[in-house]
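One file, structure_38.pdb, is given below (PDB, C-alpha atoms).
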```pdb
MODEL        1
ATOM      1  CA  MET A   1     -20.737 -28.030  66.623
ATOM      2  CA  ASN A   2     -21.908 -28.496  70.203
ATOM      3  CA  GLY A   3     -25.574 -27.787  69.450
ATOM      4  CA  ASP A   4     -25.758 -24.794  71.737
ATOM      5  CA  PRO A   5     -27.956 -22.011  70.352
ATOM      6  CA  VAL A   6     -26.131 -18.865  69.274
ATOM      7  CA  ALA A   7     -26.903 -16.052  71.711
ATOM      8  CA  ALA A   8     -28.956 -13.312  70.094
ATOM      9  CA  ALA A   9     -27.490  -9.827  70.152
ATOM     10  CA  PRO A  10     -29.315  -7.586  72.629
ATOM     11  CA  ALA A  11     -31.832  -5.280  71.005
ATOM     12  CA  GLN A  12     -30.900  -1.642  70.710
ATOM     13  CA  ARG A  13     -32.680   0.797  72.995
ATOM     14  CA  ALA A  14     -33.315   4.525  73.022
ATOM     15  CA  ALA A  15     -33.889   7.010  75.835
ATOM     16  CA  VAL A  16     -36.285   9.948  75.516
ATOM     17  CA  VAL A  17     -35.764  13.301  77.260
ATOM     18  CA  PHE A  18     -38.930  15.357  76.946
ATOM     19  CA  ASN A  19     -40.404  18.627  78.124
ATOM     20  CA  PRO A  20     -44.084  17.877  78.869
ATOM     21  CA  ALA A  21     -44.984  21.563  78.466
ATOM     22  CA  LYS A  22     -43.717  21.567  74.871
ATOM     23  CA  VAL A  23     -44.927  18.278  73.398
ATOM     24  CA  SER A  24     -47.960  15.975  73.385
ATOM     25  CA  VAL A  25     -46.568  13.115  75.442
ATOM     26  CA  GLN A  26     -49.229  10.679  74.197
ATOM     27  CA  ALA A  27     -48.450  11.443  70.545
ATOM     28  CA  LEU A  28     -44.713  11.201  71.226
ATOM     29  CA  ARG A  29     -45.035   7.824  72.955
ATOM     30  CA  SER A  30     -47.128   6.511  70.066
ATOM     31  CA  ALA A  31     -44.633   7.661  67.426
ATOM     32  CA  VAL A  32     -41.664   6.249  69.360
ATOM     33  CA  ALA A  33     -43.413   2.903  69.863
ATOM     34  CA  ALA A  34     -44.116   2.642  66.126
ATOM     35  CA  GLU A  35     -40.451   3.225  65.278
ATOM     36  CA  GLU A  36     -39.315   0.753  67.958
ATOM     37  CA  ARG A  37     -41.465  -1.949  66.372
ATOM     38  CA  ALA A  38     -40.305  -1.114  62.850
ATOM     39  CA  ALA A  39     -36.621  -1.147  63.803
ATOM     40  CA  GLY A  40     -36.802  -4.075  66.223
ATOM     41  CA  TRP A  41     -35.623  -1.983  69.161
ATOM     42  CA  ALA A  42     -36.433  -2.596  72.819
ATOM     43  CA  SER A  43     -38.796  -0.236  74.659
ATOM     44  CA  SER A  44     -37.275   3.183  75.331
ATOM     45  CA  ALA A  45     -36.559   4.638  78.752
ATOM     46  CA  TRP A  46     -38.329   7.966  79.443
ATOM     47  CA  PHE A  47     -36.955  10.983  81.326
ATOM     48  CA  GLU A  48     -39.124  14.041  81.976
ATOM     49  CA  THR A  49     -37.754  17.537  82.523
ATOM     50  CA  SER A  50     -39.082  19.590  85.427
ATOM     51  CA  ARG A  51     -39.713  23.244  86.227
ATOM     52  CA  SER A  52     -36.754  23.261  88.593
ATOM     53  CA  ASP A  53     -34.458  21.687  85.972
ATOM     54  CA  ASP A  54     -34.506  22.582  82.284
ATOM     55  CA  GLY A  55     -33.331  19.162  81.169
ATOM     56  CA  LEU A  56     -29.777  18.858  82.513
ATOM     57  CA  ALA A  57     -30.602  16.287  85.199
ATOM     58  CA  ALA A  58     -32.918  14.358  82.870
ATOM     59  CA  ALA A  59     -30.157  14.178  80.257
ATOM     60  CA  VAL A  60     -27.608  12.939  82.811
ATOM     61  CA  ASP A  61     -30.029  10.222  83.947
ATOM     62  CA  ALA A  62     -30.748   9.285  80.323
ATOM     63  CA  ALA A  63     -27.018   8.895  79.567
ATOM     64  CA  ARG A  64     -26.572   6.705  82.650
ATOM     65  CA  SER A  65     -29.087   4.261  81.195
ATOM     66  CA  ALA A  66     -26.501   3.555  78.433
ATOM     67  CA  PRO A  67     -28.821   4.004  75.435
ATOM     68  CA  ASP A  68     -27.874   3.668  71.788
ATOM     69  CA  LEU A  69     -29.766   6.871  71.004
ATOM     70  CA  ILE A  70     -31.265   9.753  72.984
ATOM     71  CA  LEU A  71     -34.315  11.567  71.639
ATOM     72  CA  VAL A  72     -34.784  15.149  72.826
ATOM     73  CA  ALA A  73     -38.294  16.623  72.608
ATOM     74  CA  GLY A  74     -38.441  20.321  73.445
ATOM     75  CA  GLY A  75     -37.332  23.777  72.379
ATOM     76  CA  ASP A  76     -33.869  25.319  72.042
ATOM     77  CA  GLY A  77     -33.600  25.653  75.838
ATOM     78  CA  THR A  78     -34.152  21.942  76.453
ATOM     79  CA  LEU A  79     -31.683  21.043  73.716
ATOM     80  CA  ARG A  80     -29.094  23.412  75.176
ATOM     81  CA  ALA A  81     -29.358  21.722  78.573
ATOM     82  CA  VAL A  82     -29.022  18.278  77.003
ATOM     83  CA  ALA A  83     -25.998  19.448  75.001
ATOM     84  CA  GLN A  84     -24.359  20.653  78.209
ATOM     85  CA  ALA A  85     -24.818  17.230  79.787
ATOM     86  CA  LEU A  86     -23.852  15.100  76.774
ATOM     87  CA  ALA A  87     -21.093  17.031  74.983
ATOM     88  CA  GLY A  88     -18.269  14.600  74.288
ATOM     89  CA  SER A  89     -20.333  11.530  75.256
ATOM     90  CA  GLY A  90     -20.506  10.131  71.713
ATOM     91  CA  ILE A  91     -24.195   9.261  72.131
ATOM     92  CA  SER A  92     -26.283  10.094  69.065
ATOM     93  CA  LEU A  93     -29.079  12.627  69.610
ATOM     94  CA  GLY A  94     -32.369  12.667  67.722
ATOM     95  CA  LEU A  95     -34.126  16.035  67.918
ATOM     96  CA  ILE A  96     -37.894  16.466  68.168
ATOM     97  CA  PRO A  97     -38.124  20.280  67.819
ATOM     98  CA  THR A  98     -41.248  21.719  69.462
ATOM     99  CA  GLY A  99     -40.397  25.336  70.339
ATOM    100  CA  THR A 100     -41.147  28.619  68.560
ATOM    101  CA  GLY A 101     -37.624  29.314  67.291
ATOM    102  CA  ASN A 102     -35.924  25.948  66.727
ATOM    103  CA  LEU A 103     -32.941  27.725  65.169
ATOM    104  CA  PHE A 104     -30.600  24.767  65.630
ATOM    105  CA  ALA A 105     -33.064  22.355  64.021
ATOM    106  CA  ARG A 106     -33.548  24.740  61.103
ATOM    107  CA  GLU A 107     -29.798  24.968  60.577
ATOM    108  CA  LEU A 108     -29.646  21.170  60.271
ATOM    109  CA  HIS A 109     -32.708  21.019  57.966
ATOM    110  CA  LEU A 110     -34.572  18.789  60.408
ATOM    111  CA  PRO A 111     -38.339  18.227  60.126
ATOM    112  CA  LEU A 112     -40.299  20.991  61.877
ATOM    113  CA  ASN A 113     -43.822  20.791  63.277
ATOM    114  CA  ASP A 114     -44.001  17.135  62.237
ATOM    115  CA  LEU A 115     -43.566  14.900  65.258
ATOM    116  CA  ALA A 116     -43.814  11.597  63.355
ATOM    117  CA  ALA A 117     -41.228  12.671  60.754
ATOM    118  CA  SER A 118     -38.878  13.876  63.495
ATOM    119  CA  VAL A 119     -39.065  10.556  65.342
ATOM    120  CA  THR A 120     -38.502   8.622  62.106
ATOM    121  CA  SER A 121     -35.462  10.785  61.347
ATOM    122  CA  ALA A 122     -34.094  10.090  64.840
ATOM    123  CA  PHE A 123     -34.337   6.303  64.472
ATOM    124  CA  ASP A 124     -33.536   6.002  60.766
ATOM    125  CA  GLY A 125     -31.305   9.020  60.045
ATOM    126  CA  SER A 126     -27.574   9.438  59.644
ATOM    127  CA  ASP A 127     -25.146  10.755  62.245
ATOM    128  CA  ARG A 128     -23.652  14.222  61.787
ATOM    129  CA  PRO A 129     -21.031  15.622  64.204
ATOM    130  CA  VAL A 130     -21.594  19.276  65.142
ATOM    131  CA  ASP A 131     -19.815  21.813  67.319
ATOM    132  CA  VAL A 132     -20.869  22.914  70.803
ATOM    133  CA  GLY A 133     -20.266  26.384  72.187
ATOM    134  CA  LEU A 134     -19.004  26.567  75.774
ATOM    135  CA  ALA A 135     -19.556  29.605  77.999
ATOM    136  CA  VAL A 136     -18.005  30.374  81.375
ATOM    137  CA  LEU A 137     -19.975  33.252  82.910
ATOM    138  CA  GLU A 138     -18.642  35.431  85.750
ATOM    139  CA  ARG A 139     -21.012  37.313  88.056
ATOM    140  CA  GLU A 140     -20.532  40.531  89.982
ATOM    141  CA  ASP A 141     -19.860  38.589  93.201
ATOM    142  CA  GLY A 142     -16.993  36.701  91.530
ATOM    143  CA  THR A 143     -18.805  33.372  91.122
ATOM    144  CA  THR A 144     -18.669  31.531  87.797
ATOM    145  CA  SER A 145     -20.903  29.013  86.050
ATOM    146  CA  ASP A 146     -20.399  26.751  83.016
ATOM    147  CA  HIS A 147     -22.933  26.487  80.195
ATOM    148  CA  ALA A 148     -23.281  25.127  76.676
ATOM    149  CA  PHE A 149     -24.883  26.760  73.657
ATOM    150  CA  LEU A 150     -25.549  25.556  70.132
ATOM    151  CA  VAL A 151     -26.756  28.632  68.278
ATOM    152  CA  MET A 152     -25.716  32.008  69.714
ATOM    153  CA  ALA A 153     -24.623  33.869  72.823
ATOM    154  CA  GLY A 154     -25.656  37.512  72.862
ATOM    155  CA  ILE A 155     -25.153  40.667  74.916
ATOM    156  CA  GLY A 156     -27.153  43.845  74.376
ATOM    157  CA  LEU A 157     -30.065  43.759  71.918
ATOM    158  CA  ASP A 158     -29.971  39.964  71.625
ATOM    159  CA  ALA A 159     -30.142  39.447  75.390
ATOM    160  CA  HIS A 160     -32.827  42.136  75.716
ATOM    161  CA  MET A 161     -34.959  40.303  73.155
ATOM    162  CA  ALA A 162     -34.558  37.021  75.033
ATOM    163  CA  GLY A 163     -35.457  38.504  78.388
ATOM    164  CA  HIS A 164     -38.247  40.917  77.456
ATOM    165  CA  THR A 165     -40.273  39.319  74.671
ATOM    166  CA  ASN A 166     -43.825  38.357  75.615
ATOM    167  CA  GLU A 167     -43.920  34.542  75.667
ATOM    168  CA  ARG A 168     -47.648  34.325  74.920
ATOM    169  CA  LEU A 169     -47.239  36.643  71.935
ATOM    170  CA  LYS A 170     -44.213  34.654  70.765
ATOM    171  CA  ARG A 171     -46.293  31.470  70.726
ATOM    172  CA  ARG A 172     -49.021  33.189  68.703
ATOM    173  CA  ILE A 173     -47.073  35.122  66.059
ATOM    174  CA  GLY A 174     -43.558  33.673  66.242
ATOM    175  CA  TRP A 175     -40.591  35.868  65.318
ATOM    176  CA  LEU A 176     -42.780  38.969  64.774
ATOM    177  CA  ALA A 177     -43.077  39.189  68.562
ATOM    178  CA  TYR A 178     -39.475  40.422  68.615
ATOM    179  CA  SER A 179     -40.332  43.614  66.711
ATOM    180  CA  ASP A 180     -41.260  45.589  69.834
ATOM    181  CA  PRO A 181     -38.062  44.927  71.860
ATOM    182  CA  ILE A 182     -35.976  45.511  68.722
ATOM    183  CA  ALA A 183     -37.656  48.855  68.051
ATOM    184  CA  ARG A 184     -37.283  49.959  71.675
ATOM    185  CA  SER A 185     -33.615  48.973  71.700
ATOM    186  CA  VAL A 186     -32.820  50.795  68.453
ATOM    187  CA  VAL A 187     -34.665  53.958  69.490
ATOM    188  CA  GLY A 188     -33.056  53.953  72.941
ATOM    189  CA  ASN A 189     -29.641  53.141  71.415
ATOM    190  CA  LYS A 190     -28.291  52.098  74.811
ATOM    191  CA  GLN A 191     -24.611  51.212  74.510
ATOM    192  CA  PHE A 192     -22.026  49.794  76.897
ATOM    193  CA  ASP A 193     -18.264  49.665  77.364
ATOM    194  CA  LEU A 194     -16.385  46.404  77.013
ATOM    195  CA  SER A 195     -12.962  44.876  76.533
ATOM    196  CA  TYR A 196     -12.642  41.752  74.402
ATOM    197  CA  ARG A 197      -9.968  39.424  73.098
ATOM    198  CA  LEU A 198     -10.305  36.979  70.195
ATOM    199  CA  ASP A 199      -7.900  34.026  70.381
ATOM    200  CA  ASP A 200      -4.358  35.389  70.979
ATOM    201  CA  ARG A 201      -4.956  38.769  69.357
ATOM    202  CA  PRO A 202      -4.460  41.973  71.362
ATOM    203  CA  GLU A 203      -7.260  43.010  73.684
ATOM    204  CA  VAL A 204      -9.617  45.645  72.260
ATOM    205  CA  THR A 205     -11.534  48.220  74.293
ATOM    206  CA  SER A 206     -14.700  49.466  72.636
ATOM    207  CA  ARG A 207     -18.231  50.724  73.070
ATOM    208  CA  ALA A 208     -21.029  48.666  71.548
ATOM    209  CA  HIS A 209     -24.771  48.201  71.379
ATOM    210  CA  THR A 210     -24.751  44.440  70.736
ATOM    211  CA  VAL A 211     -22.222  41.594  70.733
ATOM    212  CA  ILE A 212     -23.200  38.172  69.395
ATOM    213  CA  VAL A 213     -20.998  35.074  69.230
ATOM    214  CA  GLY A 214     -22.451  32.122  67.376
ATOM    215  CA  ASN A 215     -22.076  28.665  65.985
ATOM    216  CA  SER A 216     -24.986  29.159  63.585
ATOM    217  CA  GLY A 217     -25.601  32.283  61.538
ATOM    218  CA  THR A 218     -29.339  32.612  60.859
ATOM    219  CA  LEU A 219     -31.808  34.387  63.123
ATOM    220  CA  THR A 220     -35.538  33.798  63.501
ATOM    221  CA  GLY A 221     -37.266  35.006  60.337
ATOM    222  CA  GLY A 222     -34.393  33.903  58.096
ATOM    223  CA  MET A 223     -32.115  36.925  58.648
ATOM    224  CA  LEU A 224     -28.464  36.009  58.066
ATOM    225  CA  LEU A 225     -26.510  37.535  60.958
ATOM    226  CA  LEU A 226     -23.232  35.587  60.856
ATOM    227  CA  PRO A 227     -22.623  34.902  57.164
ATOM    228  CA  ASP A 228     -19.471  32.793  57.606
ATOM    229  CA  ALA A 229     -20.767  30.638  60.472
ATOM    230  CA  VAL A 230     -20.648  26.879  59.872
ATOM    231  CA  ILE A 231     -22.066  24.521  62.459
ATOM    232  CA  ASP A 232     -19.196  22.013  62.311
ATOM    233  CA  ASP A 233     -16.055  23.984  61.360
ATOM    234  CA  GLY A 234     -14.500  24.191  64.842
ATOM    235  CA  ARG A 235     -14.786  27.983  64.941
ATOM    236  CA  LEU A 236     -17.045  30.600  66.485
ATOM    237  CA  ASP A 237     -18.200  33.694  64.612
ATOM    238  CA  ALA A 238     -18.701  37.078  66.264
ATOM    239  CA  VAL A 239     -20.441  40.300  65.245
ATOM    240  CA  VAL A 240     -20.337  43.640  67.047
ATOM    241  CA  PHE A 241     -22.871  46.445  66.491
ATOM    242  CA  ARG A 242     -21.336  49.887  67.057
ATOM    243  CA  PRO A 243     -23.942  52.324  65.693
ATOM    244  CA  GLY A 244     -22.593  55.406  67.470
ATOM    245  CA  ARG A 245     -24.924  58.415  67.370
ATOM    246  CA  GLY A 246     -25.053  59.075  63.636
ATOM    247  CA  SER A 247     -26.104  56.939  60.656
ATOM    248  CA  GLY A 248     -24.768  53.703  62.149
ATOM    249  CA  TRP A 249     -28.144  51.991  62.348
ATOM    250  CA  THR A 250     -28.741  52.681  58.656
ATOM    251  CA  ASN A 251     -25.475  50.925  57.798
ATOM    252  CA  ILE A 252     -26.266  48.006  60.102
ATOM    253  CA  GLY A 253     -29.758  47.629  58.660
ATOM    254  CA  TYR A 254     -28.408  47.678  55.105
ATOM    255  CA  ARG A 255     -25.811  44.976  55.787
ATOM    256  CA  LEU A 256     -28.237  42.700  57.618
ATOM    257  CA  ALA A 257     -30.940  43.116  54.968
ATOM    258  CA  PHE A 258     -28.558  42.196  52.139
ATOM    259  CA  ASN A 259     -26.228  39.779  53.953
ATOM    260  CA  ARG A 260     -27.637  36.681  52.273
ATOM    261  CA  MET A 261     -27.237  38.173  48.805
ATOM    262  CA  LEU A 262     -23.804  39.628  49.581
ATOM    263  CA  HIS A 263     -22.380  36.314  50.816
ATOM    264  CA  ARG A 264     -24.329  33.621  48.969
ATOM    265  CA  THR A 265     -24.197  34.854  45.354
ATOM    266  CA  ARG A 266     -21.283  35.572  43.028
ATOM    267  CA  PHE A 267     -22.507  39.090  42.285
ATOM    268  CA  GLY A 268     -23.052  39.750  45.990
ATOM    269  CA  ARG A 269     -19.507  38.704  46.885
ATOM    270  CA  LEU A 270     -18.149  40.965  44.152
ATOM    271  CA  LEU A 271     -20.255  43.849  45.441
ATOM    272  CA  ALA A 272     -19.126  43.233  49.028
ATOM    273  CA  SER A 273     -15.461  43.258  47.956
ATOM    274  CA  VAL A 274     -15.720  46.811  46.616
ATOM    275  CA  THR A 275     -18.069  48.189  49.285
ATOM    276  CA  PRO A 276     -16.317  50.203  52.021
ATOM    277  CA  LYS A 277     -16.232  48.477  55.421
ATOM    278  CA  SER A 278     -18.570  50.016  57.981
ATOM    279  CA  ARG A 279     -17.342  50.790  61.490
ATOM    280  CA  ALA A 280     -20.913  50.285  62.687
ATOM    281  CA  ILE A 281     -20.854  46.504  62.190
ATOM    282  CA  ARG A 282     -17.829  44.213  62.294
ATOM    283  CA  TRP A 283     -17.449  40.440  61.977
ATOM    284  CA  ALA A 284     -14.648  38.175  63.189
ATOM    285  CA  GLN A 285     -13.857  34.460  63.577
ATOM    286  CA  GLY A 286     -11.922  32.478  66.146
ATOM    287  CA  THR A 287     -11.924  29.506  68.492
ATOM    288  CA  ARG A 288     -12.382  31.483  71.704
ATOM    289  CA  MET A 289     -13.438  34.955  72.802
ATOM    290  CA  SER A 290     -13.200  36.568  76.204
ATOM    291  CA  VAL A 291     -15.162  39.702  77.040
ATOM    292  CA  ARG A 292     -15.274  41.854  80.170
ATOM    293  CA  PHE A 293     -17.601  44.713  81.200
ATOM    294  CA  PRO A 294     -17.001  47.509  83.729
ATOM    295  CA  GLU A 295     -20.752  47.391  84.436
ATOM    296  CA  PRO A 296     -22.753  44.102  84.491
ATOM    297  CA  GLN A 297     -24.528  43.288  81.229
ATOM    298  CA  GLU A 298     -27.336  40.817  80.513
ATOM    299  CA  ILE A 299     -26.397  37.779  78.423
ATOM    300  CA  GLN A 300     -28.484  35.162  76.618
ATOM    301  CA  LEU A 301     -27.624  31.655  75.449
ATOM    302  CA  ASP A 302     -29.764  30.126  72.682
ATOM    303  CA  GLY A 303     -32.604  32.493  73.514
ATOM    304  CA  ASP A 304     -32.584  31.955  77.285
ATOM    305  CA  THR A 305     -31.514  34.909  79.417
ATOM    306  CA  GLN A 306     -28.777  34.102  81.938
ATOM    307  CA  GLY A 307     -28.961  37.388  83.832
ATOM    308  CA  PRO A 308     -26.217  40.016  84.247
ATOM    309  CA  VAL A 309     -22.526  39.102  84.026
ATOM    310  CA  THR A 310     -19.283  41.034  84.378
ATOM    311  CA  ALA A 311     -17.276  38.713  82.116
ATOM    312  CA  ALA A 312     -17.700  35.769  79.764
ATOM    313  CA  SER A 313     -15.295  33.304  78.192
ATOM    314  CA  LEU A 314     -16.655  31.638  75.048
ATOM    315  CA  SER A 315     -15.014  28.708  73.260
ATOM    316  CA  VAL A 316     -15.926  25.834  70.944
ATOM    317  CA  HIS A 317     -15.900  22.064  71.427
ATOM    318  CA  HIS A 318     -15.286  20.817  67.895
ATOM    319  CA  HIS A 319     -17.656  17.965  67.010
ATOM    320  CA  GLY A 320     -18.839  17.827  70.604
ATOM    321  CA  LEU A 321     -22.226  16.353  69.687
ATOM    322  CA  THR A 322     -23.525  13.789  67.207
ATOM    323  CA  ILE A 323     -26.957  14.620  65.766
ATOM    324  CA  ARG A 324     -29.225  12.322  63.765
ATOM    325  CA  VAL A 325     -30.293  14.073  60.558
ATOM    326  CA  PRO A 326     -32.405  12.842  57.631
ATOM    327  CA  ARG A 327     -30.268  10.843  55.223
ATOM    328  CA  ALA A 328     -31.250  13.150  52.388
ATOM    329  CA  ALA A 329     -29.971  16.179  54.343
ATOM    330  CA  LEU A 330     -26.552  14.579  54.823
ATOM    331  CA  GLU A 331     -26.311  13.567  51.169
ATOM    332  CA  ALA A 332     -27.312  17.019  49.883
TER     333      ALA A 332
ENDMDL
END
```
Please render this file's structure as structure tokens.
Amino acid sequence: MNGDPVAAAPAQRAAVVFNPAKVSVQALRSAVAAEERAAGWASSAWFETSRSDDGLAAAVDAARSAPDLILVAGGDGTLRAVAQALAGSGISLGLIPTGTGNLFARELHLPLNDLAASVTSAFDGSDRPVDVGLAVLEREDGTTSDHAFLVMAGIGLDAHMAGHTNERLKRRIGWLAYSDPIARSVVGNKQFDLSYRLDDRPEVTSRAHTVIVGNSGTLTGGMLLLPDAVIDDGRLDAVVFRPGRGSGWTNIGYRLAFNRMLHRTRFGRLLASVTPKSRAIRWAQGTRMSVRFPEPQEIQLDGDTQGPVTAASLSVHHHGLTIRVPRAALEA
């Protein structure tokens, strides 16, 4: 032995990406500091989102700081921007959900409306790989843009809800705020023409009211929209509403109301196997979907409207992100 002291391993360090409009920064800093002390981590680096950037630039800067963990405090929109920046990076993400929907956090059974529990889960949880949806959107002028999504991409009713729901009302009464745009959309029954292709299958030309492609199947309020969707199976699930002008909405309403029973219970699966398929609502699965519209249609990604597009190419990055979840959730 030469008597030289053994060099201590450098302390681990986190980075925090936060939306100051969505979280109490003082409470967040206090909770993070408590977990740093308990775990023996160095002080975290902090990166604030801005009105001109929904979190993409902050996430890129956070990754450049080479952290062992990135905490994301914000709603589904902030998380979507961070996912776009960090997909494939291998950096673990700890989610501090603070929005009104938090559909992705609900799918992973993360703590909701409990900042301290969320921070503890981020520092002390287990890693779970999840899929990331990728969207290439084409505009009427021929330009394209790349985006990520974690929950759903929607055209028609879904995009209308995202773009025309009163934000103040949404903060006050949550998912019930969507009832007005839903009712208006159903009564108006506005439909559009489209051509779509799923994987290498033949292209289909159709007329629809709503098209939704998702990585997670449950809507706000607990409605099961995509019954076969799994957040880490390497596949995207799609549903198309084609109500026509007759009793289509009745059939759609019936299937959505009873989806959870029909797909999550033995009796329900038996009942579904003998129930005639409805042309008004169809489901499909694949790894990529391309869709094109003769007239521009509005599209939303994880609840954020992206404006009108003439085409979209949707695919999945299998296990593109690593999310910290409570240990109990991973063991369940």
Practice task
Measure the distance from CA of Arg324 in chain A to CA of Asn215 in chain A in Å and round it to one decimal.
Solution key: 18.0 Å
Practice task
Skip Ala73 in chain A itself and residues of its chain fewer than 2 positions away, then list as an MDAnalysis selection string all residues within 10 Å of it, counting all atoms listed in the file.
Solution key: chainID A and resid 16:20 22:25 28 48:49 70:71 75:76 78:79 94:99 115 118:119
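Note that the spacing between CA of Ser216 in chain A and CA of Met152 in chain A amounts to 6.8 Å.
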Handout entry: Evaluate the PyMOL selection byres ((chain A and resi 64) around 12) and report residues as a PyMOL selection string
Key = chain A and resi 14-15+45+47+57-63+65-68+70+85-86+89+91
Handout entry: Interatomic distance (Å, one decimal) between CA of Pro296 in chain A and CA of Ala148 in chain A
Key = 20.5 Å
Practice task
Please tell me which residues are no farther than 12 Å from (-9.1, 32.3, 71.2) in the file, counting only C-alpha atoms, and write them as a list of chain:residue names.
Solution key: A:Tyr196, A:Arg197, A:Leu198, A:Asp199, A:Asp200, A:Arg201, A:Pro202, A:Glu203, A:Gly234, A:Arg235, A:Leu236, A:Asp237, A:Ala238, A:Ala284, A:Gln285, A:Gly286, A:Thr287, A:Arg288, A:Met289, A:Ser290, A:Val291, A:Ser313, A:Leu314, A:Ser315, A:Val316
Given the selection you just returned, output its residues as a file containing C-alpha atoms, formatted as a compact mmCIF listing (two decimals), keeping the file's coordinate frame.
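Saved result, selection_31.txt, follows:
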```txt
# COMPACT_ATOMS: atom_id res chain seq x y z
CA TYR A 196 -12.64 41.75 74.40
CA ARG A 197 -9.97 39.42 73.10
CA LEU A 198 -10.30 36.98 70.19
CA ASP A 199 -7.90 34.03 70.38
CA ASP A 200 -4.36 35.39 70.98
CA ARG A 201 -4.96 38.77 69.36
CA PRO A 202 -4.46 41.97 71.36
CA GLU A 203 -7.26 43.01 73.68
CA GLY A 234 -14.50 24.19 64.84
CA ARG A 235 -14.79 27.98 64.94
CA LEU A 236 -17.05 30.60 66.48
CA ASP A 237 -18.20 33.69 64.61
CA ALA A 238 -18.70 37.08 66.26
CA ALA A 284 -14.65 38.17 63.19
CA GLN A 285 -13.86 34.46 63.58
CA GLY A 286 -11.92 32.48 66.15
CA THR A 287 -11.92 29.51 68.49
CA ARG A 288 -12.38 31.48 71.70
CA MET A 289 -13.44 34.96 72.80
CA SER A 290 -13.20 36.57 76.20
CA VAL A 291 -15.16 39.70 77.04
CA SER A 313 -15.30 33.30 78.19
CA LEU A 314 -16.66 31.64 75.05
CA SER A 315 -15.01 28.71 73.26
CA VAL A 316 -15.93 25.83 70.94
```
Using the file's own x, y and z axes, so that the box edges lie along x, y and z, what centre and edge lengths in Å (one decimal) does a box around every listed atom of range 320-327 of chain A get when 5 Å is added on each side? Give it as AutoDock Vina command-line options.
```
--center_x -25.6 --center_y 14.3 --center_z 62.9 --size_x 23.6 --size_y 17.0 --size_z 25.4
```
Exercise for the section: Tell me which residues the PyMOL selection byres ((chain A and resi 231) around 10) grabs here, as JSON, numbers by chain. Expected result: {"A": [104, 107, 108, 129, 130, 131, 132, 150, 151, 214, 215, 216, 217, 228, 229, 230, 232, 233, 234, 235, 236, 318, 319]}
Hits from the PyMOL selection byres ((chain A and resi 109) around 10), listed as a JSON list (two decimals) with C-alpha atoms, keeping the file's coordinate frame:
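What ended up in result01.json:
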```json
[["chain", "number", "residue", "atom", "x", "y", "z"],
["A", 103, "LEU", "CA", -32.94, 27.72, 65.17],
["A", 104, "PHE", "CA", -30.60, 24.77, 65.63],
["A", 105, "ALA", "CA", -33.06, 22.36, 64.02],
["A", 106, "ARG", "CA", -33.55, 24.74, 61.10],
["A", 107, "GLU", "CA", -29.80, 24.97, 60.58],
["A", 108, "LEU", "CA", -29.65, 21.17, 60.27],
["A", 110, "LEU", "CA", -34.57, 18.79, 60.41],
["A", 111, "PRO", "CA", -38.34, 18.23, 60.13],
["A", 112, "LEU", "CA", -40.30, 20.99, 61.88],
["A", 325, "VAL", "CA", -30.29, 14.07, 60.56],
["A", 326, "PRO", "CA", -32.40, 12.84, 57.63],
["A", 328, "ALA", "CA", -31.25, 13.15, 52.39],
["A", 329, "ALA", "CA", -29.97, 16.18, 54.34],
["A", 330, "LEU", "CA", -26.55, 14.58, 54.82]]
```
Problem - Nearest to Ala116 in chain A by atom-to-atom distance, counting all atoms listed in the file, from A:Ala27, A:Ala312, A:Ala83, A:Ile155 - result: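 The shortest atom-to-atom distance to Ala116 in chain A comes from A:Ala27.
Taking all atoms listed in the file into account, the protein, DNA and RNA residues within 12 Å of (-23.5, 50.8, 86.3) read A:Glu140, A:Gln191, A:Phe192, A:Asp193, A:Phe293, A:Pro294, A:Glu295, A:Pro296, A:Gln297, A:Pro308, A:Val309, A:Thr310.
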Exercise for the section: Select, from A:Asp304, A:Glu298, A:Asp141, A:Asp127, the residue with the minimum atom-to-atom distance to Thr322 in chain A, counting all atoms listed in the file. Expected result: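 Result for the nearest residue to Thr322 in chain A: A:Asp127.
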Handout entry: Among listed residues A:Gly156, A:Gly253, A:Gly320, A:Gly248, nearest Thr210 in chain A (using all atoms listed in the file)
Key =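 Ranked by minimum distance to Thr210 in chain A, first place goes to A:Gly156.
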Problem - Gly244 in chain A environment, 10 Å, only C-alpha atoms, sequence neighbours closer than 5 positions dropped, as a list in words - result: Asn189, Lys190, Gln191, Arg207, Ala208, His209, Trp249, Arg279 and Ala280 of chain A
Exercise for the section: Counting only C-alpha atoms, figure out which residue out of A:Thr250, A:Ser30, A:Gly40, A:Arg292 gets nearest to Thr205 in chain A. Expected result: A:Arg292
Problem - All residues 7 Å or closer to Phe149 in chain A, only C-alpha atoms, same chain fewer than 5 positions away omitted, as a VMD selection string - result: chain A and resid 80 132 to 134 301 to 302
